[in-house]
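Structure data follow from data.cif (mmCIF, C-alpha atoms and all ligand atoms):
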```cif
data_coords
loop_
_atom_site.label_atom_id
_atom_site.label_comp_id
_atom_site.auth_asym_id
_atom_site.auth_seq_id
_atom_site.Cartn_x
_atom_site.Cartn_y
_atom_site.Cartn_z
CA MET N 1 -9.05 -10.34 -21.49
CA ILE N 2 -8.02 -12.40 -24.52
CA GLU N 3 -9.34 -15.93 -24.93
CA VAL N 4 -6.98 -18.53 -26.33
CA THR N 5 -8.01 -20.89 -29.10
CA LEU N 6 -7.48 -24.63 -29.09
CA PRO N 7 -4.73 -24.45 -31.77
CA GLN N 8 -2.90 -21.89 -29.61
CA VAL N 9 -3.10 -24.18 -26.58
CA LEU N 10 -1.85 -27.14 -28.61
CA GLU N 11 0.96 -25.09 -30.10
CA ALA N 12 2.04 -23.95 -26.63
CA ARG N 13 2.01 -27.55 -25.41
CA GLU N 14 4.10 -28.66 -28.40
CA ARG N 15 6.62 -25.90 -27.81
CA ARG N 16 6.87 -26.89 -24.16
CA VAL N 17 7.60 -30.54 -24.97
CA TYR N 18 10.09 -29.51 -27.64
CA LEU N 19 11.95 -27.22 -25.24
CA GLN N 20 11.95 -29.84 -22.49
CA ASN N 21 13.48 -32.44 -24.79
CA ALA N 22 16.01 -30.03 -26.24
CA LEU N 23 17.16 -28.98 -22.74
CA ILE N 24 17.46 -32.58 -21.54
CA GLU N 25 19.49 -33.50 -24.61
CA LYS N 26 21.77 -30.51 -24.25
CA ASN N 27 22.40 -30.49 -20.49
CA LYS N 28 21.67 -34.08 -19.44
CA LEU N 29 19.83 -32.70 -16.43
CA PRO N 30 16.20 -32.81 -15.20
CA VAL N 31 13.95 -30.03 -16.47
CA ILE N 32 11.51 -27.92 -14.50
CA SER N 33 8.39 -26.65 -16.21
CA PHE N 34 6.44 -24.05 -14.25
CA SER N 35 3.06 -22.75 -15.40
CA MET N 36 -0.17 -21.53 -13.82
CA ASN N 37 -3.20 -23.74 -13.32
CA ILE N 38 -5.88 -21.41 -14.76
CA PRO N 39 -9.23 -22.89 -15.87
CA GLY N 40 -11.16 -21.53 -18.84
CA PRO N 41 -10.07 -19.88 -22.07
CA VAL N 42 -8.41 -16.80 -20.50
CA LYS N 43 -4.96 -17.92 -19.41
CA THR N 44 -3.30 -14.68 -18.44
CA SER N 45 -4.06 -11.35 -16.74
CA PRO N 46 -2.15 -8.90 -14.54
CA LEU N 47 -3.33 -10.92 -11.53
CA VAL N 48 -2.15 -14.23 -13.05
CA ILE N 49 1.23 -12.74 -13.89
CA ARG N 50 1.64 -11.31 -10.40
CA SER N 51 0.81 -14.75 -8.97
CA PHE N 52 3.29 -16.42 -11.31
CA LYS N 53 6.01 -13.99 -10.18
CA VAL N 54 5.36 -14.92 -6.55
CA GLY N 55 5.86 -18.57 -7.53
CA LEU N 56 9.03 -17.76 -9.46
CA SER N 57 10.63 -15.87 -6.62
CA ARG N 58 9.67 -18.63 -4.14
CA LEU N 59 11.20 -21.20 -6.47
CA GLU N 60 14.43 -19.23 -6.91
CA GLU N 61 14.62 -18.71 -3.15
CA GLU N 62 14.09 -22.39 -2.27
CA LEU N 63 16.44 -23.70 -4.95
CA GLY N 64 19.03 -21.12 -3.89
CA LYS N 65 18.89 -22.41 -0.29
CA SER N 66 19.99 -25.85 -1.52
CA GLY N 67 22.55 -24.41 -3.92
CA ILE N 68 20.56 -25.61 -6.95
CA LYS N 69 20.85 -23.59 -10.15
CA LEU N 70 18.51 -22.93 -13.06
CA ILE N 71 20.47 -23.47 -16.27
CA ASP N 72 19.47 -22.21 -19.73
CA ARG N 73 16.15 -20.92 -18.42
CA VAL N 74 13.46 -19.85 -20.89
CA ASP N 75 10.86 -17.35 -19.64
CA ILE N 76 7.64 -17.25 -21.68
CA ASP N 77 4.99 -14.54 -21.37
CA GLU N 78 2.25 -15.09 -23.92
CA ILE N 79 -1.56 -15.23 -24.06
CA THR N 80 -1.35 -18.97 -23.33
CA GLY N 81 -0.03 -17.94 -19.90
CA PRO N 82 3.32 -17.26 -18.25
CA GLU N 83 5.79 -20.16 -18.13
CA LEU N 84 9.30 -21.04 -17.08
CA ILE N 85 11.19 -23.96 -18.58
CA SER N 86 14.72 -24.64 -17.42
CA SER N 87 17.33 -27.29 -16.76
CA VAL N 88 18.00 -27.79 -13.06
CA SER N 89 21.31 -28.79 -11.49
CA ALA N 90 20.04 -31.43 -9.06
CA ASP N 91 18.41 -34.80 -8.63
CA ALA N 92 14.84 -34.86 -10.00
CA ASN N 93 13.29 -36.21 -6.79
CA GLU N 94 15.02 -33.60 -4.66
CA ILE N 95 13.64 -30.82 -6.89
CA LYS N 96 10.17 -32.37 -6.90
CA ASN N 97 10.11 -32.30 -3.09
CA ILE N 98 11.04 -28.62 -3.09
CA CYS N 99 8.28 -27.94 -5.64
CA ILE N 100 5.65 -29.82 -3.64
CA LYS N 101 6.59 -27.76 -0.59
CA ILE N 102 6.05 -24.53 -2.56
CA GLU N 103 2.75 -25.79 -4.01
CA GLU N 104 1.43 -26.69 -0.58
CA GLU N 105 2.70 -23.83 1.57
CA SER N 106 0.15 -21.17 0.56
CA GLU N 107 -3.32 -20.74 -0.90
CA LEU N 108 -1.66 -19.41 -4.01
CA GLY N 109 0.52 -22.53 -4.32
CA ARG N 110 -2.55 -24.55 -5.40
CA LEU N 111 -2.46 -22.59 -8.66
CA PHE N 112 1.17 -23.46 -9.41
CA ASP N 113 1.99 -26.33 -11.76
CA LEU N 114 5.59 -27.19 -11.05
CA ASP N 115 6.43 -30.23 -13.17
CA ILE N 116 9.76 -32.03 -13.11
CA ILE N 117 10.79 -34.08 -16.11
CA ASN N 118 13.60 -36.52 -15.49
CA VAL N 119 16.51 -37.12 -17.90
CA ASP N 120 14.68 -40.20 -19.23
CA GLY N 121 11.86 -37.92 -20.39
CA ASN N 122 9.35 -39.07 -17.76
CA LYS N 123 7.46 -36.72 -15.48
CA ILE N 124 7.99 -37.24 -11.73
CA GLU N 125 4.49 -37.88 -10.39
CA ARG N 126 3.20 -36.60 -7.07
CA GLN N 127 2.69 -39.18 -4.32
CA ARG N 128 -0.60 -37.58 -3.40
CA GLU N 129 -3.13 -36.02 -5.81
CA ARG N 130 -3.95 -32.37 -5.25
CA SER N 131 -7.32 -31.44 -3.78
CA CYS N 132 -10.15 -29.77 -5.69
CA ILE N 133 -9.79 -26.02 -6.01
CA VAL N 134 -13.51 -25.39 -5.47
CA CYS N 135 -14.63 -27.80 -2.77
CA GLY N 136 -11.33 -29.10 -1.37
CA ARG N 137 -12.19 -32.76 -2.03
CA GLU N 138 -9.05 -34.92 -2.19
CA GLY N 139 -7.89 -36.52 -5.43
CA ARG N 140 -9.07 -36.22 -9.00
CA PHE N 141 -12.73 -36.99 -8.26
CA CYS N 142 -14.08 -33.53 -9.19
CA SER N 143 -11.84 -32.85 -12.17
CA SER N 144 -12.31 -36.25 -13.79
CA ARG N 145 -16.11 -36.05 -13.48
CA ARG N 146 -16.29 -32.30 -14.25
CA VAL N 147 -18.25 -31.71 -11.06
CA HIS N 148 -17.76 -27.93 -11.23
CA THR N 149 -18.47 -25.58 -14.13
CA VAL N 150 -15.73 -23.45 -15.68
CA PRO N 151 -17.18 -20.21 -14.22
CA GLU N 152 -17.17 -21.85 -10.77
CA LEU N 153 -13.54 -22.84 -11.20
CA GLN N 154 -12.59 -19.39 -12.49
CA LYS N 155 -14.29 -17.71 -9.56
CA ALA N 156 -12.48 -19.95 -7.06
CA VAL N 157 -9.12 -19.24 -8.70
CA ARG N 158 -9.70 -15.50 -8.81
CA GLU N 159 -10.78 -15.43 -5.16
CA ARG N 160 -7.66 -17.34 -4.15
CA MET N 161 -5.39 -14.87 -5.91
CA LEU N 162 -7.26 -11.87 -4.51
CA ALA N 163 -7.23 -13.21 -0.95
CA PHE N 164 -3.49 -13.86 -1.13
CA PHE N 165 -2.59 -10.41 -2.45
CA LEU N 166 -5.05 -8.63 -0.18
CA GLU N 167 -3.16 -10.00 2.84
CA LEU N 168 0.12 -8.92 1.31
CA ASP N 169 -1.00 -5.43 0.29
CA LYS N 170 -2.82 -4.85 3.57
CA LYS N 171 0.44 -5.35 5.43
CA ARG N 172 2.24 -3.19 2.92
CA ILE N 173 -0.13 -0.24 3.29
CA GLY N 174 0.04 -0.57 7.08
CA LYS N 175 3.82 -0.37 6.95
CA LEU N 176 3.79 2.60 4.58
CA CYS N 177 1.46 4.53 6.88
CA SER N 178 3.45 3.79 10.03
CA ARG N 179 6.64 4.69 8.20
CA ALA N 180 5.19 7.97 6.91
CA LEU N 181 4.19 8.97 10.45
CA LEU N 182 7.62 8.04 11.79
CA LYS N 183 9.35 10.02 9.08
CA GLU N 184 7.12 12.97 9.85
CA LEU N 185 8.16 12.72 13.51
CA ASP N 186 11.85 12.33 12.56
CA THR N 187 11.80 15.41 10.35
CA THR N 188 13.91 17.81 12.44
CA PRO N 189 13.83 20.68 13.15
CA LYS N 190 10.13 21.44 12.68
CA PRO N 191 8.79 24.85 13.75
CA GLY N 192 6.70 24.56 16.92
CA LEU N 193 6.19 20.81 16.53
CA VAL N 194 7.52 17.83 18.46
CA ASP N 195 10.67 16.60 16.72
CA ARG N 196 13.97 14.91 17.62
CA ASN N 197 15.40 18.21 18.98
CA ASN N 198 12.61 19.41 21.28
CA ASN N 199 8.91 19.30 22.11
CA GLY N 200 8.17 22.48 20.17
CA SER N 201 5.32 24.45 21.69
CA HIS N 202 4.06 21.43 23.60
CA ASN N 203 4.69 20.62 27.24
CA ASP N 204 2.45 17.56 27.48
CA MET N 205 4.13 15.33 24.87
CA ASP N 206 7.45 14.35 23.39
CA ALA N 207 8.77 12.12 20.61
CA SER N 208 8.13 8.96 22.65
CA THR N 209 4.44 9.91 22.99
CA PHE N 210 4.25 9.95 19.19
CA GLU N 211 6.10 6.66 18.90
CA LYS N 212 3.63 4.98 21.24
CA SER N 213 0.75 6.46 19.30
CA ILE N 214 2.12 5.26 15.95
CA GLU N 215 2.53 1.77 17.41
CA SER N 216 -1.06 1.77 18.71
CA LEU N 217 -2.36 2.59 15.22
CA SER N 218 -0.37 0.00 13.28
CA SER N 219 -3.36 -2.28 12.59
CA TYR N 220 -5.81 0.58 11.94
CA TRP N 221 -4.47 1.38 8.45
CA GLN N 222 -4.88 -2.25 7.43
CA GLU N 223 -8.44 -2.25 8.77
CA CYS N 224 -9.30 0.86 6.75
CA PHE N 225 -7.87 -0.64 3.58
CA ALA N 226 -9.71 -3.95 4.11
CA LEU N 227 -12.91 -2.01 4.78
CA GLY N 228 -12.48 -0.26 1.43
CA VAL N 229 -12.09 -3.59 -0.35
CA GLU N 230 -15.08 -5.05 1.46
CA THR N 231 -17.36 -2.08 0.79
CA ALA N 232 -16.18 -1.34 -2.76
CA SER N 233 -19.60 -2.12 -4.19
CA LEU N 234 -21.48 -0.18 -1.52
CA ASP N 235 -22.69 3.39 -1.80
CA SER N 236 -19.76 5.68 -0.92
CA ASP N 237 -21.55 7.53 1.88
CA GLU N 238 -22.46 4.23 3.53
CA ALA N 239 -18.85 3.01 3.16
CA PHE N 240 -17.53 6.24 4.68
CA SER N 241 -19.87 6.02 7.66
CA ARG N 242 -18.37 2.62 8.49
CA LEU N 243 -14.91 4.17 8.48
CA ARG N 244 -16.01 6.51 11.24
CA LEU N 245 -16.55 3.53 13.52
CA LEU N 246 -13.02 2.30 12.89
CA GLY N 247 -11.73 5.83 13.46
CA ILE N 248 -13.43 6.12 16.83
CA ALA N 249 -11.92 2.81 17.96
CA ALA N 250 -8.48 3.92 16.73
CA GLU N 251 -8.72 7.22 18.62
CA LYS N 252 -9.51 5.27 21.75
CA ARG N 253 -6.40 3.13 21.29
CA MET N 254 -4.34 6.26 20.65
CA TYR N 255 -5.57 7.96 23.83
CA GLU N 256 -4.85 4.82 25.85
CA ALA N 257 -1.33 4.64 24.44
CA THR N 258 -0.51 8.30 25.01
CA GLY N 259 -2.19 8.88 28.37
CA ASN N 260 -5.03 10.92 26.86
CA ILE N 261 -3.00 13.10 24.54
CA ASN N 262 -4.10 13.83 21.00
CA THR N 263 -1.16 13.03 18.75
CA HIS N 264 -2.73 11.67 15.57
CA LYS N 265 -6.42 12.48 15.45
CA GLY N 266 -5.92 14.32 12.16
CA ALA N 267 -3.89 11.48 10.69
CA ILE N 268 -6.49 8.91 11.79
CA PHE N 269 -9.09 10.89 9.88
CA LEU N 270 -7.09 11.80 6.75
CA LEU N 271 -4.77 8.85 6.26
CA GLY N 272 -7.59 6.49 7.28
CA THR N 273 -9.78 7.85 4.49
CA ILE N 274 -6.92 7.49 2.02
CA CYS N 275 -6.49 3.83 3.02
CA GLU N 276 -10.19 3.15 2.59
CA ALA N 277 -10.19 4.91 -0.79
CA MET N 278 -7.23 2.79 -1.89
CA GLY N 279 -9.14 -0.31 -0.82
CA ARG N 280 -12.12 0.71 -2.93
CA VAL N 281 -10.06 0.95 -6.11
CA TYR N 282 -7.98 -2.15 -5.32
CA ASP N 283 -7.92 -4.89 -7.99
CA GLY N 284 -5.35 -7.28 -6.55
CA THR N 285 -2.50 -6.23 -8.82
CA GLY N 286 -0.85 -3.93 -6.26
CA LEU N 287 -1.52 -0.75 -4.29
CA GLU N 288 -2.84 2.12 -6.40
CA LYS N 289 0.01 4.52 -7.18
CA ASP N 290 -1.89 7.24 -9.00
CA VAL N 291 -2.36 10.03 -6.44
CA GLU N 292 -4.97 11.81 -8.57
CA ARG N 293 -7.08 8.66 -8.71
CA ILE N 294 -6.79 8.17 -4.95
CA ALA N 295 -7.72 11.81 -4.39
CA ASP N 296 -10.80 11.46 -6.62
CA GLU N 297 -11.88 8.40 -4.66
CA CYS N 298 -11.39 10.30 -1.36
CA ILE N 299 -13.66 13.06 -2.64
CA LYS N 300 -16.34 10.57 -3.73
CA LEU N 301 -16.12 8.77 -0.43
CA SER N 302 -16.37 11.76 1.88
CA SER N 303 -18.15 14.55 0.02
CA ALA N 304 -21.71 13.86 1.17
CA SER N 305 -20.62 13.54 4.76
CA MET N 306 -18.29 16.58 4.69
CA LYS N 307 -20.97 18.76 3.12
CA ARG N 308 -23.45 17.69 5.80
CA ASP N 309 -20.85 18.57 8.44
CA PHE N 310 -20.24 22.02 7.00
CA SER N 311 -23.93 22.84 6.61
CA THR N 312 -24.79 21.95 10.20
CA MET N 313 -21.88 23.67 11.96
CA LYS N 314 -22.89 25.74 14.93
CA GLY N 315 -19.53 26.61 16.48
CA ARG N 316 -19.53 23.92 19.15
CA THR N 317 -15.91 22.87 18.58
CA VAL N 318 -12.77 24.89 17.88
CA GLY N 319 -12.74 23.62 14.29
CA GLU N 320 -16.35 24.68 13.74
CA ARG N 321 -15.72 28.15 15.20
CA LEU N 322 -12.68 28.70 12.96
CA TYR N 323 -14.73 27.72 9.95
CA LEU N 324 -17.63 30.00 10.84
CA GLU N 325 -15.43 32.96 11.86
CA TYR N 326 -12.60 32.79 9.33
CA GLY N 327 -13.79 30.34 6.70
CA LEU N 328 -10.97 27.93 7.55
CA PRO N 329 -12.27 24.46 6.63
CA GLY N 330 -9.40 22.54 8.28
CA ALA N 331 -8.91 18.82 7.73
CA ARG N 332 -12.47 18.39 6.40
CA GLY N 333 -11.84 20.97 3.70
CA GLU N 334 -8.58 19.29 2.78
CA LEU N 335 -10.36 15.98 2.35
CA LEU N 336 -13.20 17.54 0.38
CA SER N 337 -10.69 19.09 -2.02
CA GLY N 338 -8.93 15.74 -2.50
CA PHE N 339 -5.82 16.98 -0.64
CA GLU N 340 -5.29 19.95 -2.87
CA SER N 341 -2.59 21.41 -0.60
CA VAL N 342 -0.61 18.20 -0.89
CA ARG N 343 -1.13 17.57 -4.60
CA LYS N 344 -0.53 21.17 -5.68
CA HIS N 345 2.02 22.30 -3.10
CA SER N 346 3.80 20.01 -0.67
CA LEU N 347 4.19 16.92 -2.88
CA PRO N 348 5.68 18.86 -5.82
CA ALA N 349 7.87 20.77 -3.31
CA LEU N 350 9.13 17.52 -1.79
CA LYS N 351 9.86 15.97 -5.17
CA LYS N 352 11.61 19.09 -6.45
CA ALA N 353 13.79 19.33 -3.35
CA ARG N 354 14.86 15.70 -3.81
CA VAL N 355 15.60 16.28 -7.50
CA ASP N 356 17.64 19.37 -6.52
CA GLY N 357 19.82 17.10 -4.42
CA LYS N 358 18.53 18.04 -0.97
CA ASP N 359 18.53 15.24 1.58
CA GLU N 360 15.33 13.56 2.73
CA ASN N 361 15.09 15.51 5.99
CA LEU N 362 15.52 18.94 4.45
CA SER N 363 13.16 18.02 1.60
CA GLN N 364 10.51 17.09 4.13
CA ILE N 365 11.08 20.34 6.02
CA ILE N 366 10.59 22.24 2.75
CA ALA N 367 7.35 20.36 2.12
CA LEU N 368 6.20 21.29 5.64
CA LEU N 369 7.06 24.98 5.15
CA SER N 370 5.10 24.99 1.90
CA LEU N 371 2.06 23.73 3.81
CA ILE N 372 2.41 26.21 6.67
CA GLY N 373 2.87 29.01 4.13
CA LEU N 374 -0.64 28.34 2.75
CA LYS N 375 -2.07 29.90 5.95
CA LYS N 376 -4.78 27.27 6.22
CA ASP N 377 -3.61 25.55 9.41
CA THR N 378 -6.38 25.73 12.01
CA ASN N 379 -4.09 24.50 14.81
CA MET N 380 -1.96 27.61 14.33
CA VAL N 381 -4.98 29.89 14.71
CA SER N 382 -6.53 28.04 17.63
CA ARG N 383 -3.32 28.27 19.67
CA GLY N 384 -1.92 31.65 18.66
CA GLY N 385 -4.84 33.68 17.32
CA ILE N 386 -5.41 34.72 13.74
CA GLU N 387 -2.82 37.55 13.63
CA ASP N 388 0.13 35.65 15.06
CA ALA N 389 -0.78 32.61 12.96
CA LYS N 390 -0.83 34.68 9.80
CA ASP N 391 2.46 36.38 10.57
CA ALA N 392 4.25 33.13 11.46
CA SER N 393 2.88 31.34 8.39
CA GLU N 394 4.17 34.15 6.20
CA ARG N 395 7.61 33.81 7.76
CA ALA N 396 7.58 30.08 7.00
CA GLY N 397 6.51 30.71 3.41
CA LYS N 398 9.21 33.40 2.98
CA LEU N 399 11.96 31.04 4.09
CA LEU N 400 11.24 28.91 1.02
CA GLU N 401 12.48 31.74 -1.18
CA LYS N 402 15.88 31.63 0.52
CA LYS N 403 18.45 30.11 -1.84
CA ASP N 404 20.79 28.47 0.65
CA LEU N 405 18.12 27.46 3.17
CA ASN N 406 19.74 25.49 5.99
CA LEU N 407 18.84 23.91 9.29
CA SER N 408 19.85 26.93 11.41
CA ASP N 409 17.21 29.01 9.57
CA ILE N 410 14.61 26.44 10.55
CA MET N 411 15.88 26.33 14.14
CA ALA N 412 15.44 30.10 14.37
CA LEU N 413 11.90 29.72 13.03
CA ASP N 414 11.31 26.97 15.62
CA GLU N 415 12.30 29.45 18.38
CA TYR N 416 9.95 32.05 16.93
CA PHE N 417 7.04 29.58 16.90
CA MET N 418 7.78 28.39 20.44
CA GLU N 419 7.90 31.94 21.83
CA ARG N 420 4.38 32.47 20.50
CA ASN N 421 3.13 29.02 21.47
CA LEU N 422 2.36 28.22 17.84
CA SER N 423 2.16 24.67 16.50
CA PRO N 424 1.22 23.78 12.90
CA GLY N 425 -0.36 20.43 13.73
CA GLY N 426 -2.62 20.42 10.68
CA SER N 427 0.37 20.93 8.41
CA ALA N 428 2.20 18.12 10.20
CA ASP N 429 -0.68 15.73 9.40
CA LEU N 430 -0.50 16.79 5.77
CA LEU N 431 3.26 16.29 5.77
CA ALA N 432 2.61 12.67 6.76
CA VAL N 433 0.11 12.40 3.87
CA THR N 434 2.72 13.94 1.55
CA ILE N 435 5.37 11.43 2.63
CA PHE N 436 2.86 8.59 2.25
CA PHE N 437 1.87 9.63 -1.30
CA ASN N 438 5.51 10.02 -2.21
CA SER N 439 6.26 6.51 -0.98
CA LEU N 440 3.73 5.00 -3.42
ZN ZN L 501 -14.70 -30.17 -6.04
#
```

Can the structure in the file be given as structure tokens, please?
Ligand SMILES: [Zn+2]
Amino acid sequence: MIEVTLPQVLEARERRVYLQNALIEKNKLPVISFSMNIPGPVKTSPLVIRSFKVGLSRLEEELGKSGIKLIDRVDIDEITGPELISSVSADANEIKNICIKIEEESELGRLFDLDIINVDGNKIERQRERSCIVCGREGRFCSSRRVHTVPELQKAVRERMLAFFLELDKKRIGKLCSRALLKELDTTPKPGLVDRNNNGSHNDMDASTFEKSIESLSSYWQECFALGVETASLDSDEAFSRLRLLGIAAEKRMYEATGNINTHKGAIFLLGTICEAMGRVYDGTGLEKDVERIADECIKLSSASMKRDFSTMKGRTVGERLYLEYGLPGARGELLSGFESVRKHSLPALKKARVDGKDENLSQIIALLSLIGLKKDTNMVSRGGIEDAKDASERAGKLLEKKDLNLSDIMALDEYFMERNLSPGGSADLLAVTIFFNSL
């Protein structure tokens, strides 16, 4: 964070006035001057710039609605803070009203300084003074008496920006998760799984069961992300234990929506952990895109708990038995490895297929086959036994070597899986994770 000096601030102010006058002289129109209201010596940061961009796009949107144009705009991005100075093709009072609306519509708007300078060189003043950023008191009382310290002001500003973007990014992550699950469902044909062609090896659910389940989970992903943000300073094991509570509640909603059918238990566990991990590394400037960093955070978050689980397994559940008998660690192992199967296999396979010109559906099928081919899917073994599971997984892996792989090959594999009652549910969960990572 670079602090600005007084001469730099004065120079920026001089430049602003110079530009304003030059634009008025040239265009004979009012001028808008937009900057951020940031207290203290640090005037810019990724968070400040992101906030400024929100203001810019709101301004362009609102002016556009009234057919008002920005003419000869100058965009400034320097350590004295981001700025826009431009002539505006409308009456100064009309523009001022639009600006006041933008300043007052959101928490972030309080940080916008949208000044209008009329053709006579005078600033259009607000009818009503803005309230104090720290305590909300009306008018200039606090600022004129310096009631609050600079650190207090800085903290209030930072919290405002964070709160605004947290809401935005929470919704975004929720959408990305729901969309990844829908795309996973839409991927057709999928061997043995419910898709848009058939119910695979399942007679108790169809695509609509999955749709209802996805709908019931739409707020869960946001909750996990917000939990990560909230618990970022807590010990990771403690933070992870709180996620379990959210997961249990989400499972309950899923079972209610599906009539007691397990559609997304794996996704609730895996994608939920990813959302919490992304919350823990969140800094307000956008969702983390670096999959390796997210994976590392997932490992940190879950390792103590996963290791405890593995060391106390007694074979009470199917998953525990498969681990003890065949060393298959299932979803827990995937999490503990930071989604190694996805990072090393399915995600590169998906990306390569897209680069090779394959369509989204076929690329997702290829990613799924690469997961099944790893022979780690515990759902395959629990339904079909270790031998059949191994054989079918090999067939899936082999198909990937076929040069002109097409949908009829996959349909034949689907038949093969259905005849043996096999369903790679674990791989399907990881396909959703793959699609989610790819969407970042
Ligand atoms: Zn105050």

Produce as a CSV table (one decimal) with C-alpha atoms, in the frame of the given file the set of residues near ligand ZN 501 (chain L), where near means within 6 Å with only C-alpha atoms and all ligand atoms considered.
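Written file, pocket-v5.csv:
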```
chain,number,residue,atom,x,y,z
N,132,CYS,CA,-10.2,-29.8,-5.7
N,134,VAL,CA,-13.5,-25.4,-5.5
N,135,CYS,CA,-14.6,-27.8,-2.8
N,136,GLY,CA,-11.3,-29.1,-1.4
N,137,ARG,CA,-12.2,-32.8,-2.0
N,142,CYS,CA,-14.1,-33.5,-9.2
```

**OP:** Find the residue from N:Arg420, N:Lys96, N:Arg140, N:Lys265 that sits nearest to Ile248 in chain N; use all atoms listed in the file when measuring.
**Re:** N:Lys265

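Restricting the calculation to all atoms listed in the file, the smallest distance between Glu334 in chain N and any of N:Glu3, N:Thr285, N:Asp429, N:Ala396 is found for N:Asp429.
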
**OP:** Mind checking which residues fall within 12 Å of Val17 in chain N, counting only C-alpha atoms, ignoring those fewer than 5 positions away in the same chain, and posting them as a PyMOL selection string?
**Re:** chain N and resi 10-12+22-24+31-33+85-86+115+117+121-123

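Distance annotation: of N:Lys352, N:Met254, N:Thr378, N:Met411, the residue with the minimal separation from Tyr323 in chain N is N:Thr378; atom set is only C-alpha atoms.
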
Original post:
By how many Å are CA of Gly425 in chain N and CA of Asn379 in chain N apart?
Top reply: 5.6 Å

Hey, can I get the axis-aligned box for range 35-38 of chain N? All listed atoms, 3 Å padding on each side, centre and edge lengths in Å to one decimal, as lines of an AutoDock Vina configuration file.
```
center_x = -1.4
center_y = -22.6
center_z = -14.4
size_x = 14.9
size_y = 8.3
size_z = 8.1
```
